[in-house]
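Working notes for the structure below.
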Amino acid sequence: TMMGMTDAMTLTNDHVLAVLPLLPALLLLLPLLENPLTAFDGPPTFTSQIIAYIALACFGFFLTYRLVPHIKFYTLKRGISGKDLGKKGTATESDPIPEALGIVPGTAFLVCLIFALVGYATTNPDKLLDCTSALLSINFMLFLGFTDDVLDWPWRYKLILPTVASLPLLCCYNGSHSIVMPIQMRSLLMVDDEVTMLGHLLGYLSIVIDTEANGKLVNLGVWYLLYMSLLAVFCTNAINIYAGINGLEVGQSYVIACAVLVHNFLEIGNSSENADNHLFSVMLLLPFCGVALGLLKYNWCPA
């Protein structure tokens with residue numbers, strides 16, 4: 001009985017820890033919501049859209065939670081499995097561990113996202129290109145992840161293919177190409193309201209220094225798109241390198257998504273001029289958090 005109570009308390013603590021990263025975002029969201037009973041009267045409102053995205057997140061969680069045990073049977077049947085090196089020396093070290101189960105939350109996320117995008121694109125037709133590019137990139141990365149688990153791609157392919165996957169996002173990007181320079185580096189570009197030699201050299205590379213901002217802002221032009229492409233390669237591999245370690249891969253993805261949600265709700269609450277873009281980000285991240293929690297249920301240490 002004492003053992004059962006200890007296991008129950010441990011399970012409860014694990015559940016609390018899993019939900020904890022999401023609490024700051026939820027606390028910031030509550031003051032932004034209107035009366036949910038009247039939110040669906042008339043055209044779509046912020047509250048009605050958020051409720052719909054939360055419902056999709058719950059659907060993604062339960063879909064992932066229920067499908068992982070079923071799909072596990074098929075991956076083991078096809079021999080897509082490995083050994084848990086962390087259990088070496090224990091009685092379960094020789095038990096086969098199913099692999100390629102990332103296809104389950106990935107597919108669940110796509111299903112949720114398609115439903116969300118249908119509603120979002122209907123009310124925001126000018127964002128249809130953004131929706132399509134997001135779906136293309138996510139589909140390509142899901143394909144890459146599954147084939148990597150099955151075929152064990154060499155690292156050179158893992159560097160090239162994410163670059164290709166980022167192209168749909170880069171093609172529809174119409175935001176700023178400028179960056180804010182660190183205070184310590186601004187003197188390298190401008191001194192006493194004059195552009196330095198380094199600043200002039202950068203100009204030959206189509207990098208424009210904002211002289212009115214005294215070197216604070218630098219327009220990278222096409223180099224900004226290259227930076228975004230390289231960032232996509234870095235982020236995907238930085239997450240993927242923890243694959244196989246209990247909870248780290250999906251866990252850090254979930255924590256990062258929660259942090260971005262906090263930023264989105266802060267900007268929406270401050271009536272940012274880019275509130276529509278932040279709502280688009282929320283639409284992507286809420287279902288992602290749902291499916292990530294569904295997978296984390298099975299990937300929590302000890303997995």
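Ligands are numbered from 1 in the order shown, chains are lettered A, B, ... in the order of the structure tokens, and residues start at 1 in each chain.
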
Next item on the list: Write out as a ChimeraX atom specification the residues lying within 8 Å of region 193-197 of chain A, counting only C-alpha atoms and excluding same-chain residues fewer than 5 positions away.
Entry: /A:188,211,214

Can you write just those residues out, N, CA, C and O atoms, as a compact mmCIF listing (two decimals), in the first residue's frame?
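Just written: again.txt:
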```
# COMPACT_ATOMS: atom_id res chain seq x y z
N LEU A 188 32.07 49.88 -34.05
CA LEU A 188 32.79 49.33 -35.20
C LEU A 188 32.19 49.81 -36.52
O LEU A 188 32.85 49.77 -37.56
N THR A 211 22.22 55.21 -40.62
CA THR A 211 23.01 56.30 -40.05
C THR A 211 22.18 57.16 -39.10
O THR A 211 22.72 57.75 -38.17
N ASN A 214 22.46 55.86 -35.77
CA ASN A 214 23.84 55.84 -35.29
C ASN A 214 24.39 54.42 -35.16
O ASN A 214 25.07 54.09 -34.18
```

Would you tabulate, counting only C-alpha atoms, all residues of region 152-257 of chain A that have an atom at most 9 Å from an atom of region 75-87 of chain A, showing the closest pair of atoms and their distance in Å to one decimal, sorted by chain then ascending number, as a tab-separated table?
```
residue	atom	partner	partner_atom	distance
A:Gly244	CA	A:Asp84	CA	8.1
A:Ile245	CA	A:Gly86	CA	8.3
A:Asn246	CA	A:Gly86	CA	8.9
```

Store the residues picked out above in a file with N, CA and C atoms, as a short mmCIF file (atom, residue, chain, number, x, y, z; two decimals), in the first residue's frame.
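That gives us part-v3.cif:
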```
data_model
loop_
_atom_site.label_atom_id
_atom_site.label_comp_id
_atom_site.auth_asym_id
_atom_site.auth_seq_id
_atom_site.Cartn_x
_atom_site.Cartn_y
_atom_site.Cartn_z
N GLY A 244 16.45 10.21 -28.06
CA GLY A 244 16.81 8.99 -27.35
C GLY A 244 17.11 9.20 -25.88
N ILE A 245 17.31 10.46 -25.46
CA ILE A 245 17.53 10.74 -24.05
C ILE A 245 16.18 11.08 -23.42
N ASN A 246 15.85 10.39 -22.35
CA ASN A 246 14.52 10.47 -21.75
C ASN A 246 13.98 11.89 -21.64
#
```

Next item on the list: Take CA of Ile209 (chain A) and CA of Leu170 (chain A) and report the distance between them in Å, one decimal.
Entry: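 Atom-to-atom, CA of Ile209 (chain A) and CA of Leu170 (chain A) are spaced 22.6 Å apart.
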
Notebook entry, point to check: If you measure from CA of Ser178 (chain A) to CA of Met283 (chain A), what distance in Å do you get, rounded to one decimal?
Noted result: 26.0 Å

Next item on the list: Using only C-alpha atoms, determine which residues lie at most 12 Å from Leu202 (chain A), disregarding the query and same-chain residues fewer than 3 positions distant; provide the list as an MDAnalysis selection string.
Entry: chainID A and resid 188:189 195:199 205:209 218:221 223

Please produce a file of the residues just selected, as a PDB file, in the first residue's frame, where the atoms kept are N, CA and C atoms.
```pdb
ATOM      1  N   LEU A 188      32.069  49.879 -34.051  1.00  0.00           N
ATOM      2  CA  LEU A 188      32.787  49.333 -35.203  1.00  0.00           C
ATOM      3  C   LEU A 188      32.187  49.805 -36.521  1.00  0.00           C
ATOM      4  N   LEU A 189      30.922  50.264 -36.462  1.00  0.00           N
ATOM      5  CA  LEU A 189      30.225  50.665 -37.678  1.00  0.00           C
ATOM      6  C   LEU A 189      30.136  52.179 -37.818  1.00  0.00           C
ATOM      7  N   VAL A 195      30.357  56.846 -40.743  1.00  0.00           N
ATOM      8  CA  VAL A 195      30.479  55.412 -41.002  1.00  0.00           C
ATOM      9  C   VAL A 195      31.950  55.032 -41.066  1.00  0.00           C
ATOM     10  N   THR A 196      32.323  53.978 -40.371  1.00  0.00           N
ATOM     11  CA  THR A 196      33.720  53.538 -40.338  1.00  0.00           C
ATOM     12  C   THR A 196      34.083  52.792 -41.621  1.00  0.00           C
ATOM     13  N   MET A 197      35.356  52.446 -41.741  1.00  0.00           N
ATOM     14  CA  MET A 197      35.812  51.689 -42.906  1.00  0.00           C
ATOM     15  C   MET A 197      35.096  50.339 -43.001  1.00  0.00           C
ATOM     16  N   LEU A 198      34.919  49.697 -41.855  1.00  0.00           N
ATOM     17  CA  LEU A 198      34.199  48.424 -41.855  1.00  0.00           C
ATOM     18  C   LEU A 198      32.775  48.605 -42.349  1.00  0.00           C
ATOM     19  N   GLY A 199      32.142  49.714 -41.945  1.00  0.00           N
ATOM     20  CA  GLY A 199      30.793  49.998 -42.410  1.00  0.00           C
ATOM     21  C   GLY A 199      30.725  50.168 -43.914  1.00  0.00           C
ATOM     22  N   LEU A 205      28.659  44.641 -49.699  1.00  0.00           N
ATOM     23  CA  LEU A 205      27.949  43.353 -49.598  1.00  0.00           C
ATOM     24  C   LEU A 205      26.443  43.559 -49.476  1.00  0.00           C
ATOM     25  N   SER A 206      25.983  44.766 -49.835  1.00  0.00           N
ATOM     26  CA  SER A 206      24.550  45.119 -49.780  1.00  0.00           C
ATOM     27  C   SER A 206      24.006  45.127 -48.359  1.00  0.00           C
ATOM     28  N   ILE A 207      24.886  45.400 -47.379  1.00  0.00           N
ATOM     29  CA  ILE A 207      24.465  45.540 -45.983  1.00  0.00           C
ATOM     30  C   ILE A 207      24.419  47.032 -45.671  1.00  0.00           C
ATOM     31  N   VAL A 208      23.227  47.528 -45.323  1.00  0.00           N
ATOM     32  CA  VAL A 208      23.005  48.965 -45.156  1.00  0.00           C
ATOM     33  C   VAL A 208      22.951  49.309 -43.673  1.00  0.00           C
ATOM     34  N   ILE A 209      23.766  50.288 -43.279  1.00  0.00           N
ATOM     35  CA  ILE A 209      23.791  50.761 -41.889  1.00  0.00           C
ATOM     36  C   ILE A 209      22.882  51.978 -41.773  1.00  0.00           C
ATOM     37  N   VAL A 218      20.941  47.654 -38.538  1.00  0.00           N
ATOM     38  CA  VAL A 218      21.657  47.258 -39.750  1.00  0.00           C
ATOM     39  C   VAL A 218      20.727  46.409 -40.594  1.00  0.00           C
ATOM     40  N   ASN A 219      20.524  46.840 -41.835  1.00  0.00           N
ATOM     41  CA  ASN A 219      19.687  46.083 -42.772  1.00  0.00           C
ATOM     42  C   ASN A 219      20.571  45.080 -43.513  1.00  0.00           C
ATOM     43  N   LEU A 220      20.352  43.788 -43.242  1.00  0.00           N
ATOM     44  CA  LEU A 220      21.193  42.751 -43.836  1.00  0.00           C
ATOM     45  C   LEU A 220      20.762  42.368 -45.241  1.00  0.00           C
ATOM     46  N   GLY A 221      19.570  42.777 -45.647  1.00  0.00           N
ATOM     47  CA  GLY A 221      19.103  42.440 -46.991  1.00  0.00           C
ATOM     48  C   GLY A 221      18.957  40.937 -47.178  1.00  0.00           C
ATOM     49  N   TRP A 223      21.130  38.715 -46.903  1.00  0.00           N
ATOM     50  CA  TRP A 223      21.879  37.957 -45.901  1.00  0.00           C
ATOM     51  C   TRP A 223      20.991  37.583 -44.716  1.00  0.00           C
TER      52      TRP A 223
END
```

Notebook entry, point to check: When you draw a straight line from CA of Gly102 (chain A) to CA of Tyr65 (chain A), how long is it in Å?
Noted result: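 If I compute the distance from CA of Gly102 (chain A) to CA of Tyr65 (chain A), I get 12.2 Å.
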
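Near Lys158 (chain A), within 9 Å and counting only C-alpha atoms, sit Leu144, Asp148, Trp153, Pro154, Pro162, Thr163, Val233, Thr236 and Asn237 of chain A; same-chain residues fewer than 4 positions away were not included.
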
Report the closest atom pair, with its distance in Å rounded to one decimal, for each residue of region 86-146 of chain A that has an atom no farther than 12 Å from region 262-276 of chain A; count only C-alpha atoms, sort by chain and then rising residue number, and write it as a tab-separated table.
```
residue	atom	partner	partner_atom	distance
A:Tyr120	CA	A:Asp276	CA	10.7
A:Thr123	CA	A:Asp276	CA	11.3
A:Asn124	CA	A:Asp276	CA	9.1
A:Asp126	CA	A:Asp276	CA	10.9
A:Lys127	CA	A:Asp276	CA	9.4
A:Asp130	CA	A:Asp276	CA	11.9
```

Next item on the list: Considering only C-alpha atoms, return as a VMD selection string whatever protein or nucleic-acid residues lie within 7 Å of Val291 (chain A), sequence-local ones (same chain, fewer than 3 positions apart) excluded.
Entry: chain A and resid 60 to 61 64 105 108 to 109 287 to 288 294 to 295

Note to self: At a cut-off of 12 Å, using only C-alpha atoms, what residues contact region 16-32 of chain A? Leave out same-chain residues fewer than 6 positions from it and give the result as JSON, numbers by chain.
What the structure shows: {"A": [9, 10, 45, 46, 47, 48, 50, 51, 54, 247, 250, 251, 252, 253, 254, 255, 256, 257, 258, 259, 260, 261, 262, 263, 264, 265, 266, 267, 268, 269, 270, 271, 279, 282, 285, 286, 289, 290, 292, 293, 294, 295, 296, 297, 298, 299, 300, 301]}

Next item on the list: Can you check which residues of region 165-287 of chain A DSSP gives as alpha helix (DSSP H) on the backbone and send them as number ranges by chain?
Entry: A: 165-171, 183-186, 197-203, 222-240, 248-269, 275-287
